[in-house]
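Enquirer: Pasting a structure here, questions to come.
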Amino acid sequence: MAFVEGKDGTQLHVKDMGNGRPVVLIHGWPLTGDMFEYQTLALLEAGYRVVTYDRRGFGQSGHPATGYDYDTFADDLASVLEELNLQDVALVGFPMGGGEIARYLSRHGASRVSKAILVASVAGYLLKDQSNPDGVDVSVFEDMKSQIRKDRFAFLQDFAKTFYGVGWVTSPVSDGILDWSFTLGIMASPKATIDCVDAFGNTDFRGDFSAFTIPTLIIHGTADKTVPIDPSSRTAAAAIPGAKLIEYEGEPHGLFATAPARLNKDLLDFLA
C-alpha cells in the first residue's frame with residue numbers, strides 16, 4: 001500500500017516493510033520518512049515490521065495548503081494506524097514526530113500502542129514565555145521563516161550543518177549525508193515548511209503528557225542546537241510517569257545519523 005488517505009482526503013505516502021511486531025517511525029522537519037535509513041535497516045534485520053510515512057506537505061505525501069497543526073498531524077497518524085490495522089505498535093518520533101505521538105495519545109488513546117520513543121523530540125514546549133523561561137525566543141522562529149521565504153534552498157543547506165553539528169574543522173557526517181538531507185528537505189512544500197515552524201515552535205505539549213500510559217523512552221543529545229534539551233526532553237522526562245531519559249553527551253540534533261549504532265542499540269534494547 002503506497003498511500004493512506006487522511007480524514008480530509010490528503011494522501012499520505014507510506015512504506016510498510018517486513019513482518020513481526022510493528023514499529024512506526026515518524027520523521028522530523030524538514031525531512032521525510034526516508035531519514036530513518038539506519039534505523040529501518042536495523043529494525044528489519046532484528047525481525048520487526050517497519051512503517052514509515054511522509055508527513056502531509058513533505059516528501060511524496062500530498063501538499064495541501066492547510067492542515068499544518070498538531071491535531072491534524074495526530075489524526076493523520078491515526079489514519080495510518082487504522083488503515084494498516086496496526087496493533088501492539090511501538091511509535092518512534094524524531095522532533096516533530098515526538099509531538100505527533102504526544103498529541104495522538106491525548107486525542108486517540110493508547111489502545112493500539114505498546115511503547116513510545118521520543119528522539120530529540122519537541123514534546124514539551126519550545127516557545128519562551130512566562131511559563132517557560134528556558135524556551136526559545138519567538139524571534140528565532142520568525143527569523144527561520146524569514147530565511148525560508150527569502151531562499152529556502154540556502155536555508156536548508158545552512159540548517160543541515162547546525163542539525164548535524166558540522167563545524168569549521170570537524171564534521172560528524174559525510175558530505176553525502178548533507179546532500180541527501182538537502183534532497184529530502186527540498187521535496188517539501190514551502191507552505192508546509194513555513195507553517196510547521198509555527199506548529200513545532202508554538203505548540204505546548206505539556207498537557208498531553210498525562211496520556212502517556214505506556215513505557216516511554218526519551219533520547220536527546222546534550223549539544224542539540226536545534227531543539228534545546230531543557231524545555232523538551234528533560235521536561236517530558238520529568239512529567240511522564242516512569243519515562244526513561246538517555247542523554248547523549250555532546251551529540252547534536254541529527255543523532256540518527258551521527259550516532260546510529262548507539263541509537264539503534266538503545267531502540268532495540270527498549271523494544272525487546
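All residue names refer to the C-alpha cells as shown: chains lettered A, B, ... in order, residues numbered from 1 in each chain, ligands numbered from 1 in order.
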Just the alpha helix (DSSP H) stuff from segment 27-178 of chain A, please, per backbone DSSP, written as JSON, numbers by chain.

Expert: {"A": [37, 38, 39, 40, 41, 42, 43, 44, 45, 70, 71, 72, 73, 74, 75, 76, 77, 78, 79, 80, 81, 82, 83, 96, 97, 98, 99, 100, 101, 102, 103, 104, 105, 106, 107, 108, 138, 139, 140, 141, 142, 143, 144, 145, 146, 147, 148, 149, 150, 151, 152, 153, 154, 155, 156, 157, 158, 159, 160, 161, 162, 163, 175, 176, 177, 178]}

Enquirer: Next, the residues of the selection above should be written as an mmCIF file, in the first residue's frame with C-alpha atoms.

Expert:
data_model
loop_
_atom_site.group_PDB
_atom_site.id
_atom_site.type_symbol
_atom_site.label_atom_id
_atom_site.label_comp_id
_atom_site.auth_asym_id
_atom_site.auth_seq_id
_atom_site.Cartn_x
_atom_site.Cartn_y
_atom_site.Cartn_z
ATOM 1 C CA GLU A 37 17.588 4.721 6.797
ATOM 2 C CA TYR A 38 19.904 3.408 9.533
ATOM 3 C CA GLN A 39 17.045 2.637 11.925
ATOM 4 C CA THR A 40 14.832 0.980 9.310
ATOM 5 C CA LEU A 41 17.584 -1.429 8.294
ATOM 6 C CA ALA A 42 18.460 -2.314 11.900
ATOM 7 C CA LEU A 43 14.818 -2.922 12.827
ATOM 8 C CA LEU A 44 14.138 -5.049 9.749
ATOM 9 C CA GLU A 45 17.221 -7.149 10.403
ATOM 10 C CA TYR A 70 -0.760 19.013 15.592
ATOM 11 C CA ASP A 71 -4.390 17.977 15.888
ATOM 12 C CA THR A 72 -4.372 17.262 12.157
ATOM 13 C CA PHE A 73 -0.954 15.583 12.280
ATOM 14 C CA ALA A 74 -2.189 13.322 15.097
ATOM 15 C CA ASP A 75 -5.276 12.433 13.098
ATOM 16 C CA ASP A 76 -3.050 11.604 10.110
ATOM 17 C CA LEU A 77 -1.093 9.209 12.309
ATOM 18 C CA ALA A 78 -4.382 7.686 13.445
ATOM 19 C CA SER A 79 -5.369 7.177 9.800
ATOM 20 C CA VAL A 80 -2.122 5.306 9.120
ATOM 21 C CA LEU A 81 -2.523 3.032 12.151
ATOM 22 C CA GLU A 82 -6.173 2.336 11.397
ATOM 23 C CA GLU A 83 -5.772 1.729 7.660
ATOM 24 C CA MET A 96 8.165 16.890 15.199
ATOM 25 C CA GLY A 97 7.300 13.198 15.358
ATOM 26 C CA GLY A 98 7.513 13.292 19.141
ATOM 27 C CA GLY A 99 4.819 15.933 19.089
ATOM 28 C CA GLU A 100 2.671 13.691 16.896
ATOM 29 C CA ILE A 101 2.976 10.892 19.433
ATOM 30 C CA ALA A 102 2.035 13.158 22.341
ATOM 31 C CA ARG A 103 -0.992 14.624 20.593
ATOM 32 C CA TYR A 104 -2.045 11.248 19.159
ATOM 33 C CA LEU A 105 -2.115 9.678 22.620
ATOM 34 C CA SER A 106 -4.164 12.553 24.052
ATOM 35 C CA ARG A 107 -6.641 12.553 21.125
ATOM 36 C CA HIS A 108 -6.873 8.835 20.339
ATOM 37 C CA VAL A 138 9.963 33.908 19.288
ATOM 38 C CA SER A 139 12.436 35.913 17.202
ATOM 39 C CA VAL A 140 14.343 32.703 16.414
ATOM 40 C CA PHE A 141 11.292 31.133 14.796
ATOM 41 C CA GLU A 142 10.395 34.346 12.971
ATOM 42 C CA ASP A 143 13.945 34.537 11.581
ATOM 43 C CA MET A 144 13.718 30.941 10.372
ATOM 44 C CA LYS A 145 10.513 31.689 8.484
ATOM 45 C CA SER A 146 12.024 34.848 7.006
ATOM 46 C CA GLN A 147 15.057 32.920 5.742
ATOM 47 C CA ILE A 148 12.853 30.207 4.241
ATOM 48 C CA ARG A 149 10.798 32.810 2.393
ATOM 49 C CA LYS A 150 13.934 34.547 1.098
ATOM 50 C CA ASP A 151 15.875 31.468 -0.062
ATOM 51 C CA ARG A 152 14.591 28.124 1.174
ATOM 52 C CA PHE A 153 17.432 26.256 -0.505
ATOM 53 C CA ALA A 154 20.210 28.273 1.127
ATOM 54 C CA PHE A 155 18.402 27.948 4.445
ATOM 55 C CA LEU A 156 18.233 24.162 4.126
ATOM 56 C CA GLN A 157 21.948 23.913 3.373
ATOM 57 C CA ASP A 158 22.879 26.051 6.383
ATOM 58 C CA PHE A 159 20.336 24.380 8.637
ATOM 59 C CA ALA A 160 21.756 20.924 7.896
ATOM 60 C CA LYS A 161 25.148 21.989 9.259
ATOM 61 C CA THR A 162 23.649 23.009 12.589
ATOM 62 C CA PHE A 163 21.377 19.962 12.527
ATOM 63 C CA ASP A 175 29.106 15.427 2.560
ATOM 64 C CA GLY A 176 26.900 12.697 1.141
ATOM 65 C CA ILE A 177 24.595 12.800 4.173
ATOM 66 C CA LEU A 178 24.421 16.588 3.943
#

Enquirer: Which residues of segment 81-160 of chain A have any atom within 6 Å of an atom in segment 201-206 of chain A when counting only C-alpha atoms, and what is the closest pair of atoms for each, with the distance in Å to one decimal? Order the rows by chain and rising number and write it as a Markdown table.

Expert:
| residue | atom | partner | partner_atom | distance |
| --- | --- | --- | --- | --- |
| A:Ala123 | CA | A:Phe205 | CA | 5.6 |
| A:Gly124 | CA | A:Phe205 | CA | 5.1 |
| A:Tyr125 | CA | A:Asp204 | CA | 4.7 |
| A:Leu126 | CA | A:Gly201 | CA | 5.6 |
| A:Leu127 | CA | A:Asn202 | CA | 5.7 |

Enquirer: Write out as a ChimeraX atom specification each polymer residue whose atoms come within 8 Å of Ser233 of chain A, counting only C-alpha atoms; drop sequence neighbours fewer than 5 positions from it.

Expert: /A:118,120-124,218-220,245

Enquirer: I need the residues from that last selection saved to file as a compact mmCIF listing (two decimals), in the first residue's frame (with C-alpha atoms), if you can.

Expert:
# COMPACT_ATOMS: atom_id res chain seq x y z
CA LEU A 118 10.84 10.23 21.68
CA ALA A 120 15.37 14.69 20.12
CA SER A 121 11.69 15.48 20.36
CA VAL A 122 9.85 18.80 20.55
CA ALA A 123 7.41 17.26 23.04
CA GLY A 124 7.47 19.71 25.90
CA ILE A 218 13.36 9.56 25.66
CA ILE A 219 16.70 10.17 23.91
CA HIS A 220 18.33 13.55 23.30
CA LEU A 245 15.74 9.58 29.66

Enquirer: Can you check which residues of segment 52-232 of chain A DSSP gives as strand (DSSP E or B) on the backbone and send them as a list in words?

Expert: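 Answer for segment 52-232 of chain A restricted to strand (DSSP E or B) is Thr52, Tyr53, Val89, Ala90, Leu91, Val92, Gly93, Val113, Ser114, Lys115, Ala116, Ile117, Leu118, Val119, Leu127, Asp129, Asn132, Val136, Thr216, Leu217, Ile218, Ile219, His220 and Gly221 of chain A.
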